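Shown next, in structure tokens, is the structure this report addresses.
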Amino acid sequence: GAVVSQHPSRVICKSGTSVKIECRSLDFQATTMFWYRQFPKKSLMLMATSNEGSKATYEQGVEKDKFLINHASLTLSTLTVTSAHPEDSSFYICSARSRGFGYTFGSGTRLTVV
Amino acid sequence: AQSVTQPDIHITVSEGASLELRCNYSYGATPYLFWYVQSPGQGLQLLLKYFSGDTLVQGIKGFEAEFKRSQSSFNLRKPSVHWSDAAEYFCAVVRDTGTASKLTFGTGTRLQVTL
């Protein structure tokens with residue numbers, strides 16, 4: 001079946017630094033990738049949608065300069081949290097959509113900004 | 001706009017008992033509906049999905065869901081719960097079925113299983 005690999009699973013960074021999270025579709029080409037943020041005991045909030053070779057589409061209220069998304073190939077999307085602050089600490093999950101409406105999720109990244 | 005509602009935030013059942021998790025959707029046409037399960041600190045695993053056809057959908061791990069248009073519901077069921085089923089369950093609907101289609105999630109239901 002479709003597999004999405006997300007790295008790192010956990011990261012701790014200092015306030016003011018940037019962190020990059022990778023999302024790879026291992027055995028299929030993802031036409032579209034999605035980035036979600038999940039607060040403790042809360043649902044998933046869609047942050048942005050990225051399509052290979054084009055600019056990401058951000059949801060309302062999400063700072064595009066804070067959360068940089070790059071989708072350089074059909075199997076790789078990255079989310080960079082720039083100038084991270086403690087309020088950016090969260091669980092970030094990527095999802096890749098294959099042909100049709102097959103959505104496969106990565107295992108998530110726990111970001112802690114200290 | 002398409003959305004889903006999960007009325008129950010937290011449900012506790014005994015191991016071996018039956019389970020039903022509720023999901024109501026808001027959408028004019030036939031929605032594309034999904035159920036996902038999330039273990040603590042993990043990503044989401046697809047249990048089942050409904051696009052069209054037979055309204056009773058079979059999924060993995062012994063789960064099933066029934067699409068009821070008259071009630072705008074897509075409830076998840078399992079006849080006999082196992083302790084390993086304890087997790088967070090999310091109902092989701094596809095928003096915008098064009099090329100920009102994306103999933104919108106309900107608020108989730110946390111399932112606790114007592115032995």
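Each chain of the structure tokens is named A, B, ... in the order shown, its residues numbered from 1; ligands are numbered from 1 in display order.
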Which residues of chain A have any atom within 9 Å of an atom in chain B when counting only C-alpha atoms, and what is the closest pair of atoms for each, with the distance in Å to one decimal? Order the rows by chain and rising number and write it as a tab-separated table.
residue	atom	partner	partner_atom	distance
A:Thr32	CA	B:Ala100	CA	8.3
A:Phe34	CA	B:Lys102	CA	7.9
A:Lys41	CA	B:Gly108	CA	8.7
A:Lys42	CA	B:Thr107	CA	6.5
A:Ser43	CA	B:Thr107	CA	4.8
A:Leu44	CA	B:Phe105	CA	6.5
A:Met45	CA	B:Phe105	CA	7.9
A:Leu46	CA	B:Thr104	CA	7.7
A:Thr49	CA	B:Ala100	CA	8.0
A:Phe91	CA	B:Gly41	CA	8.1
A:Ile93	CA	B:Gly43	CA	6.7
A:Cys94	CA	B:Gly43	CA	8.6
A:Arg97	CA	B:Lys102	CA	8.9
A:Phe101	CA	B:Ser101	CA	8.3
A:Tyr103	CA	B:Leu46	CA	8.3
A:Thr104	CA	B:Gln45	CA	7.7
A:Phe105	CA	B:Leu44	CA	5.7
A:Gly106	CA	B:Gly43	CA	5.5
A:Ser107	CA	B:Gly43	CA	3.8
A:Gly108	CA	B:Gly43	CA	5.2
A:Thr109	CA	B:Gly41	CA	8.5
A:Arg110	CA	B:Gly41	CA	7.8
Those same residues - N, CA, C and O atoms - I'd like them written as a PDB file, in the first residue's frame.
ATOM      1  N   THR A  32      -0.569  15.815  -4.944  1.00  0.00           N
ATOM      2  CA  THR A  32      -0.756  16.906  -3.997  1.00  0.00           C
ATOM      3  C   THR A  32      -0.343  16.446  -2.605  1.00  0.00           C
ATOM      4  O   THR A  32      -0.566  15.291  -2.245  1.00  0.00           O
ATOM      5  N   PHE A  34      -0.375  17.718   1.612  1.00  0.00           N
ATOM      6  CA  PHE A  34      -1.036  18.606   2.559  1.00  0.00           C
ATOM      7  C   PHE A  34      -0.244  18.640   3.859  1.00  0.00           C
ATOM      8  O   PHE A  34       0.324  17.642   4.276  1.00  0.00           O
ATOM      9  N   LYS A  41      -4.851  17.061  21.960  1.00  0.00           N
ATOM     10  CA  LYS A  41      -6.243  16.639  22.122  1.00  0.00           C
ATOM     11  C   LYS A  41      -7.190  17.420  21.208  1.00  0.00           C
ATOM     12  O   LYS A  41      -8.362  17.625  21.550  1.00  0.00           O
ATOM     13  N   LYS A  42      -6.673  17.843  20.092  1.00  0.00           N
ATOM     14  CA  LYS A  42      -7.494  18.586  19.144  1.00  0.00           C
ATOM     15  C   LYS A  42      -7.469  17.904  17.783  1.00  0.00           C
ATOM     16  O   LYS A  42      -6.699  16.983  17.540  1.00  0.00           O
ATOM     17  N   SER A  43      -8.290  18.410  16.902  1.00  0.00           N
ATOM     18  CA  SER A  43      -8.349  17.846  15.562  1.00  0.00           C
ATOM     19  C   SER A  43      -7.213  18.389  14.702  1.00  0.00           C
ATOM     20  O   SER A  43      -6.391  19.187  15.153  1.00  0.00           O
ATOM     21  N   LEU A  44      -7.169  17.937  13.478  1.00  0.00           N
ATOM     22  CA  LEU A  44      -6.145  18.395  12.552  1.00  0.00           C
ATOM     23  C   LEU A  44      -6.614  19.665  11.849  1.00  0.00           C
ATOM     24  O   LEU A  44      -7.727  19.726  11.333  1.00  0.00           O
ATOM     25  N   MET A  45      -5.729  20.633  11.815  1.00  0.00           N
ATOM     26  CA  MET A  45      -6.032  21.882  11.135  1.00  0.00           C
ATOM     27  C   MET A  45      -5.184  21.956   9.872  1.00  0.00           C
ATOM     28  O   MET A  45      -3.954  21.917   9.943  1.00  0.00           O
ATOM     29  N   LEU A  46      -5.836  22.045   8.734  1.00  0.00           N
ATOM     30  CA  LEU A  46      -5.101  22.129   7.485  1.00  0.00           C
ATOM     31  C   LEU A  46      -4.379  23.467   7.410  1.00  0.00           C
ATOM     32  O   LEU A  46      -4.989  24.521   7.595  1.00  0.00           O
ATOM     33  N   THR A  49      -1.789  23.485   1.188  1.00  0.00           N
ATOM     34  CA  THR A  49      -1.815  22.459   0.148  1.00  0.00           C
ATOM     35  C   THR A  49      -0.703  22.757  -0.841  1.00  0.00           C
ATOM     36  O   THR A  49      -0.563  23.912  -1.273  1.00  0.00           O
ATOM     37  N   PHE A  91       2.268  19.427  16.890  1.00  0.00           N
ATOM     38  CA  PHE A  91       2.435  18.181  16.145  1.00  0.00           C
ATOM     39  C   PHE A  91       2.051  18.476  14.703  1.00  0.00           C
ATOM     40  O   PHE A  91       0.942  18.937  14.433  1.00  0.00           O
ATOM     41  N   ILE A  93       1.670  17.141  10.771  1.00  0.00           N
ATOM     42  CA  ILE A  93       1.444  15.904  10.005  1.00  0.00           C
ATOM     43  C   ILE A  93       1.296  16.247   8.529  1.00  0.00           C
ATOM     44  O   ILE A  93       0.576  17.192   8.183  1.00  0.00           O
ATOM     45  N   CYS A  94       1.942  15.453   7.701  1.00  0.00           N
ATOM     46  CA  CYS A  94       1.776  15.646   6.266  1.00  0.00           C
ATOM     47  C   CYS A  94       0.891  14.533   5.711  1.00  0.00           C
ATOM     48  O   CYS A  94       0.729  13.467   6.312  1.00  0.00           O
ATOM     49  N   ARG A  97      -1.648  12.855  -1.451  1.00  0.00           N
ATOM     50  CA  ARG A  97      -2.796  12.348  -2.184  1.00  0.00           C
ATOM     51  C   ARG A  97      -2.332  11.716  -3.476  1.00  0.00           C
ATOM     52  O   ARG A  97      -1.663  12.345  -4.290  1.00  0.00           O
ATOM     53  N   PHE A 101      -8.865   9.727  -4.703  1.00  0.00           N
ATOM     54  CA  PHE A 101      -8.956  10.356  -3.384  1.00  0.00           C
ATOM     55  C   PHE A 101      -8.330   9.463  -2.333  1.00  0.00           C
ATOM     56  O   PHE A 101      -8.902   9.205  -1.287  1.00  0.00           O
ATOM     57  N   TYR A 103      -5.749   9.361   0.386  1.00  0.00           N
ATOM     58  CA  TYR A 103      -4.950  10.228   1.242  1.00  0.00           C
ATOM     59  C   TYR A 103      -4.171   9.367   2.230  1.00  0.00           C
ATOM     60  O   TYR A 103      -4.763   8.653   3.032  1.00  0.00           O
ATOM     61  N   THR A 104      -2.855   9.483   2.163  1.00  0.00           N
ATOM     62  CA  THR A 104      -1.997   8.729   3.071  1.00  0.00           C
ATOM     63  C   THR A 104      -1.234   9.700   3.953  1.00  0.00           C
ATOM     64  O   THR A 104      -0.699  10.693   3.463  1.00  0.00           O
ATOM     65  N   PHE A 105      -1.187   9.368   5.241  1.00  0.00           N
ATOM     66  CA  PHE A 105      -0.582  10.293   6.203  1.00  0.00           C
ATOM     67  C   PHE A 105       0.787   9.813   6.663  1.00  0.00           C
ATOM     68  O   PHE A 105       1.042   8.609   6.796  1.00  0.00           O
ATOM     69  N   GLY A 106       1.649  10.797   6.936  1.00  0.00           N
ATOM     70  CA  GLY A 106       2.912  10.507   7.586  1.00  0.00           C
ATOM     71  C   GLY A 106       2.667  10.267   9.066  1.00  0.00           C
ATOM     72  O   GLY A 106       1.553  10.441   9.568  1.00  0.00           O
ATOM     73  N   SER A 107       3.728   9.891   9.766  1.00  0.00           N
ATOM     74  CA  SER A 107       3.595   9.558  11.181  1.00  0.00           C
ATOM     75  C   SER A 107       3.710  10.776  12.088  1.00  0.00           C
ATOM     76  O   SER A 107       3.595  10.663  13.304  1.00  0.00           O
ATOM     77  N   GLY A 108       3.925  11.931  11.499  1.00  0.00           N
ATOM     78  CA  GLY A 108       3.910  13.155  12.287  1.00  0.00           C
ATOM     79  C   GLY A 108       5.263  13.562  12.831  1.00  0.00           C
ATOM     80  O   GLY A 108       6.173  12.744  12.975  1.00  0.00           O
ATOM     81  N   THR A 109       5.385  14.847  13.140  1.00  0.00           N
ATOM     82  CA  THR A 109       6.596  15.415  13.730  1.00  0.00           C
ATOM     83  C   THR A 109       6.208  16.242  14.945  1.00  0.00           C
ATOM     84  O   THR A 109       5.406  17.169  14.837  1.00  0.00           O
ATOM     85  N   ARG A 110       6.785  15.890  16.077  1.00  0.00           N
ATOM     86  CA  ARG A 110       6.552  16.662  17.296  1.00  0.00           C
ATOM     87  C   ARG A 110       7.613  17.733  17.384  1.00  0.00           C
ATOM     88  O   ARG A 110       8.795  17.434  17.565  1.00  0.00           O
TER      89      ARG A 110
END
Long-range neighbours of Val81 of chain A as number ranges by chain, 7 Å cut-off, only C-alpha atoms, 5 positions minimum in chain:
A: 18-20, 66-68
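All residues in segment 49-89 of chain B with a DSSP state of helix (DSSP H, G or I), computed from the backbone, read Ile60, Lys61, Gly62, Arg69, Ser70, Gln71, Trp83, Ser84 and Asp85 of chain B.
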Keeping N, CA and C atoms, export the residues of the selection given above as a PDB file, in the first residue's frame.
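Output below, filename out.pdb:
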ATOM      1  N   ILE B  60     -10.807  -1.978   7.731  1.00  0.00           N
ATOM      2  CA  ILE B  60      -9.813  -2.829   8.374  1.00  0.00           C
ATOM      3  C   ILE B  60     -10.101  -2.976   9.850  1.00  0.00           C
ATOM      4  N   LYS B  61      -9.472  -3.946  10.472  1.00  0.00           N
ATOM      5  CA  LYS B  61      -9.564  -4.169  11.914  1.00  0.00           C
ATOM      6  C   LYS B  61     -10.987  -4.461  12.381  1.00  0.00           C
ATOM      7  N   GLY B  62     -11.826  -4.961  11.495  1.00  0.00           N
ATOM      8  CA  GLY B  62     -13.178  -5.329  11.879  1.00  0.00           C
ATOM      9  C   GLY B  62     -14.169  -4.183  11.955  1.00  0.00           C
ATOM     10  N   ARG B  69     -28.043   8.663   4.040  1.00  0.00           N
ATOM     11  CA  ARG B  69     -28.300   9.985   3.483  1.00  0.00           C
ATOM     12  C   ARG B  69     -29.426  10.694   4.229  1.00  0.00           C
ATOM     13  N   SER B  70     -30.454   9.950   4.591  1.00  0.00           N
ATOM     14  CA  SER B  70     -31.622  10.556   5.248  1.00  0.00           C
ATOM     15  C   SER B  70     -31.251  11.178   6.594  1.00  0.00           C
ATOM     16  N   GLN B  71     -30.215  10.650   7.212  1.00  0.00           N
ATOM     17  CA  GLN B  71     -29.787  11.161   8.515  1.00  0.00           C
ATOM     18  C   GLN B  71     -28.485  11.957   8.431  1.00  0.00           C
ATOM     19  N   TRP B  83      -8.943  -4.175  23.402  1.00  0.00           N
ATOM     20  CA  TRP B  83      -8.231  -3.131  24.150  1.00  0.00           C
ATOM     21  C   TRP B  83      -7.328  -2.306  23.231  1.00  0.00           C
ATOM     22  N   SER B  84      -6.821  -2.926  22.174  1.00  0.00           N
ATOM     23  CA  SER B  84      -5.926  -2.216  21.252  1.00  0.00           C
ATOM     24  C   SER B  84      -6.664  -1.193  20.382  1.00  0.00           C
ATOM     25  N   ASP B  85      -7.984  -1.174  20.448  1.00  0.00           N
ATOM     26  CA  ASP B  85      -8.742  -0.181  19.679  1.00  0.00           C
ATOM     27  C   ASP B  85      -8.757   1.187  20.358  1.00  0.00           C
TER      28      ASP B  85
END
Within segment 27-61 of chain A, find each residue whose DSSP state, derived from the backbone, is strand (DSSP E or B), and express the selection as number ranges by chain.
A: 32-38, 44-51, 57-58
Residues within 7 Å of His7 of chain A, please, as a ChimeraX atom specification. Count only C-alpha atoms; anything in the same chain fewer than 3 positions from it doesn't count.
/A:21-23,109
Let me see the file: selected residues, N, CA, C and O atoms, as an mmCIF file, in the first residue's frame.
data_model
loop_
_atom_site.group_PDB
_atom_site.id
_atom_site.type_symbol
_atom_site.label_atom_id
_atom_site.label_comp_id
_atom_site.auth_asym_id
_atom_site.auth_seq_id
_atom_site.Cartn_x
_atom_site.Cartn_y
_atom_site.Cartn_z
ATOM 1 N N ILE A 21 10.964 20.055 8.026
ATOM 2 C CA ILE A 21 10.318 18.747 8.141
ATOM 3 C C ILE A 21 10.101 18.206 6.733
ATOM 4 O O ILE A 21 9.603 18.920 5.856
ATOM 5 N N GLU A 22 10.472 16.945 6.531
ATOM 6 C CA GLU A 22 10.337 16.334 5.211
ATOM 7 C C GLU A 22 9.197 15.332 5.168
ATOM 8 O O GLU A 22 8.951 14.612 6.135
ATOM 9 N N CYS A 23 8.571 15.288 4.031
ATOM 10 C CA CYS A 23 7.478 14.345 3.799
ATOM 11 C C CYS A 23 7.704 13.696 2.436
ATOM 12 O O CYS A 23 7.736 14.395 1.420
ATOM 13 N N THR A 109 5.385 14.847 13.140
ATOM 14 C CA THR A 109 6.596 15.415 13.730
ATOM 15 C C THR A 109 6.208 16.242 14.945
ATOM 16 O O THR A 109 5.406 17.169 14.837
#
For Gly1 of chain A, list every protein, DNA or RNA residue within 10 Å, evaluated using only C-alpha atoms, and leave out those in the same chain fewer than 5 positions away; present the list as a short mmCIF file (atom, residue, chain, number, x, y, z; two decimals) with N, CA and C atoms, in the first residue's frame.
data_model
loop_
_atom_site.label_atom_id
_atom_site.label_comp_id
_atom_site.auth_asym_id
_atom_site.auth_seq_id
_atom_site.Cartn_x
_atom_site.Cartn_y
_atom_site.Cartn_z
N LEU A 26 6.75 7.14 -0.62
CA LEU A 26 7.79 6.16 -0.91
C LEU A 26 7.52 5.30 -2.14
N ASP A 27 6.29 5.01 -2.41
CA ASP A 27 6.00 4.07 -3.49
C ASP A 27 4.92 4.56 -4.43
N PHE A 28 4.71 5.87 -4.43
CA PHE A 28 3.76 6.42 -5.37
C PHE A 28 4.09 7.89 -5.58
N THR A 104 -2.86 9.48 2.16
CA THR A 104 -2.00 8.73 3.07
C THR A 104 -1.23 9.70 3.95
#
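For Thr114 of chain B, the list of residues within 7 Å, based on only C-alpha atoms and with local chain neighbours fewer than 3 positions off taken out, reads Val13, Ser14 and Glu15 of chain B.
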Pick out the residues sitting within 8 Å of segment 24-27 of chain B, and hand them over as a list in words; count only C-alpha atoms, and ignore anything fewer than 3 positions along from it in its own chain.
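After dropping sequence-adjacent residues, the list is Ala1, Gln2, Ser3, Val4, Thr5, Gln6, Thr30, Pro31, Gln71, Ser72, Ser73, Phe74, Asn75 and Val93 of chain B.
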Please indicate the distance in Å from atom CA of Ala96 of chain A to atom CA of Ala30 of chain A, rounded to one decimal place.
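So the answer is 5.6 Å.
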State, in Å with one decimal place, the distance from atom CA of Leu74 of chain A to atom CA of Asp88 of chain A.
27.3 Å
Near Thr75 of chain A, within 6 Å and counting only C-alpha atoms, which residues show up once chain neighbours fewer than 4 positions away are dropped, as a PyMOL selection string?
chain A and resi 24-25+29-30
Keeping only N, CA, C and O atoms, write those residues as an mmCIF file, in the first residue's frame.
data_model
loop_
_atom_site.group_PDB
_atom_site.id
_atom_site.type_symbol
_atom_site.label_atom_id
_atom_site.label_comp_id
_atom_site.auth_asym_id
_atom_site.auth_seq_id
_atom_site.Cartn_x
_atom_site.Cartn_y
_atom_site.Cartn_z
ATOM 1 N N ARG A 24 7.874 12.379 2.428
ATOM 2 C CA ARG A 24 8.150 11.658 1.188
ATOM 3 C C ARG A 24 7.123 10.567 0.939
ATOM 4 O O ARG A 24 6.771 9.810 1.844
ATOM 5 N N SER A 25 6.633 10.505 -0.284
ATOM 6 C CA SER A 25 5.810 9.375 -0.675
ATOM 7 C C SER A 25 6.764 8.314 -1.228
ATOM 8 O O SER A 25 7.525 8.575 -2.147
ATOM 9 N N GLN A 29 3.586 8.412 -6.645
ATOM 10 C CA GLN A 29 3.779 9.833 -6.923
ATOM 11 C C GLN A 29 2.575 10.609 -6.410
ATOM 12 O O GLN A 29 1.438 10.306 -6.764
ATOM 13 N N ALA A 30 2.840 11.561 -5.580
ATOM 14 C CA ALA A 30 1.777 12.323 -4.945
ATOM 15 C C ALA A 30 1.484 13.582 -5.760
ATOM 16 O O ALA A 30 2.339 14.447 -5.892
#
